[in-house]
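Presented below is the structure to which this report refers.
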Amino acid sequence: MGAFFSGIPYLRMGAGEPLVFIHGLGEIKEGWSNQFDFANQYDLIIPDLRGHGEYLITGEISIANFARDVISLLKGLEIQNAHICGLSMGGIVAQEIYRQAPEICRSLILVSTFHYAPRCFGELFLTLRKSRLESFSLEKQKNKAARVCLYSWTEDNFEKFFKFYQPNRNYYLPSMQACLEVNNLCLLPKIKVPTLIIGGQYDTVTPVWIQLLMHNQIKHSEFVIFRNTGHVAKLEAKEAFNNVLQNFLHKHKNAS
């Protein structure tokens with residue numbers, strides 16, 4: 001199931017139309033384990049982004065390079081196009097994949113993500129996070145992230161979050177900085193493929209009004225808000241999340 005292509009670690013399972021899952025900041029590819037059942041109908045490809053998980057041989061950390069890696073992986077696997085689903089930072093990468101190679105995107109699923117970060121906000125936010133990173137132990141950093149990302153602070157949710165949130169201290173801040181440099185204001189109106197935008201009602205990382213702005217910019221897009229969830233609906237609302245994805249993908253089966 002696990003493999004490498006040109007140094008890029010990835011999981012591959014199932015058969016059918018290709019479906020790519022792209023993880024968020026500090027996460028690893030196995031964080032999509034709640035969605036592995038999609039392999040019953042789809043050819044799942046789930047990579048680690050550089051600086052995350054097993055992908056420790058890195059060049060420059062940038063959204064453009066994250067996207068190039070995924071595009072290179074798909075071409076190496078001789079996949080002409082795929083449904084692209086990204087969470088948070090992964091959603092930014094999905095947008096960049098469309099910018100670089102729109103023909104490779106059958107559809108886009110943008111989950112709890114954003115499309116633009118004002119420079120002044122980005123600099124202030126990065127300074128704050130750098131200060132916290134330097135003063136917090138890794139364990140404290142992970143605990144803080146769980147409390148920010150999750151709406152339901154159950155022991156089970158915390159356990160699942162910690163299992164797949166494994167930030168690499170060497171690459172975490174550069175990856176965050178890459179996210180805070182995003183500006184897709186002009187890109188979104190140009191997106192022509194079927195697009196699903198997903199938000200969480202109590203997401204304090206990327207509040208739902210940001211996804212609403214994205215929905216308004218991508219005129220044909222669909223927009224779903226999950227109630228009583230935070231930043232990671234794929235974990236907190238597994239069944240509802242999977243059903244929404246399944247319905248969207250079924251509706252746009254054979255899209256190209």
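In the structure tokens, the first chain shown is A, the next is B, and so on; residue numbers restart at 1 for each chain, and ligands run from 1 in the order shown.
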
Could you pull the residues within 12 Å of Leu187 of chain A, counting only C-alpha atoms, minus those fewer than 2 positions along the same chain, as a list in words?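 My reading of the contact set: Ile92, Ala94, Gln95, Glu96, Ile97, Tyr98, Arg99, Gln100, Pro102, His115, Tyr116, Val182, Asn183, Asn184, Leu185, Pro189, Lys190, Ile191, Lys192, Met214, Gln217 and Ile218 of chain A.
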
Could you name the residues that touch segment 28-34 of chain A at 12 Å or less, counting only C-alpha atoms, but leaving out those on the same chain fewer than 3 positions away, as a ChimeraX atom specification? /A:1-3,8-13,20-25,37-39,44-56,85-87,89-90,160-168,232-243

For Gly199 of chain A: contacts at 10 Å, only C-alpha atoms, fewer than 5 positions along chain excluded, given as a list in words: Leu110, Val111, Ser112, Thr113, Thr206, Pro207, Val208, Trp209, Ile210, Gln211, Leu212, Phe223, Val224, Ile225, Phe226, Arg227, Thr229, Gly230, His231, Val232 and Ala233 of chain A

State, in Å with one decimal place, the distance from atom CA of Thr58 of chain A to atom CA of Ser88 of chain A. 20.9 Å

As number ranges by chain, list the residues of segment 83-248 of chain A assigned to strand (DSSP E or B) by DSSP on the backbone atoms of this structure. A: 83-87, 105-111, 116, 165, 183, 195-200, 222-226

When you count only C-alpha atoms, which of these residues is closest to Ser221 of chain A: A:Ile197, A:Val205, A:Cys105, A:Leu150? A:Ile197

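Look at Ser137 of chain A: the protein and nucleic acid residues within 12 Å of it, using only C-alpha atoms and passing over chain neighbours fewer than 6 places away, are Ser131, Asn143, Lys144, Pro167 and Arg169 of chain A.
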
Selection to disk with C-alpha atoms, as a compact mmCIF listing (two decimals), in the first residue's frame:
# COMPACT_ATOMS: atom_id res chain seq x y z
CA SER A 131 7.49 32.58 19.65
CA ASN A 143 -1.91 19.62 22.77
CA LYS A 144 -2.47 23.28 21.91
CA PRO A 167 4.72 18.29 13.02
CA ARG A 169 9.97 21.23 13.97

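The space separating atom CA of Tyr151 of chain A from atom CA of Glu27 of chain A comes to 17.8 Å.
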
To one decimal place in Å, what is the distance between atom CA of Phe114 of chain A and atom CA of Thr204 of chain A? 12.4 Å
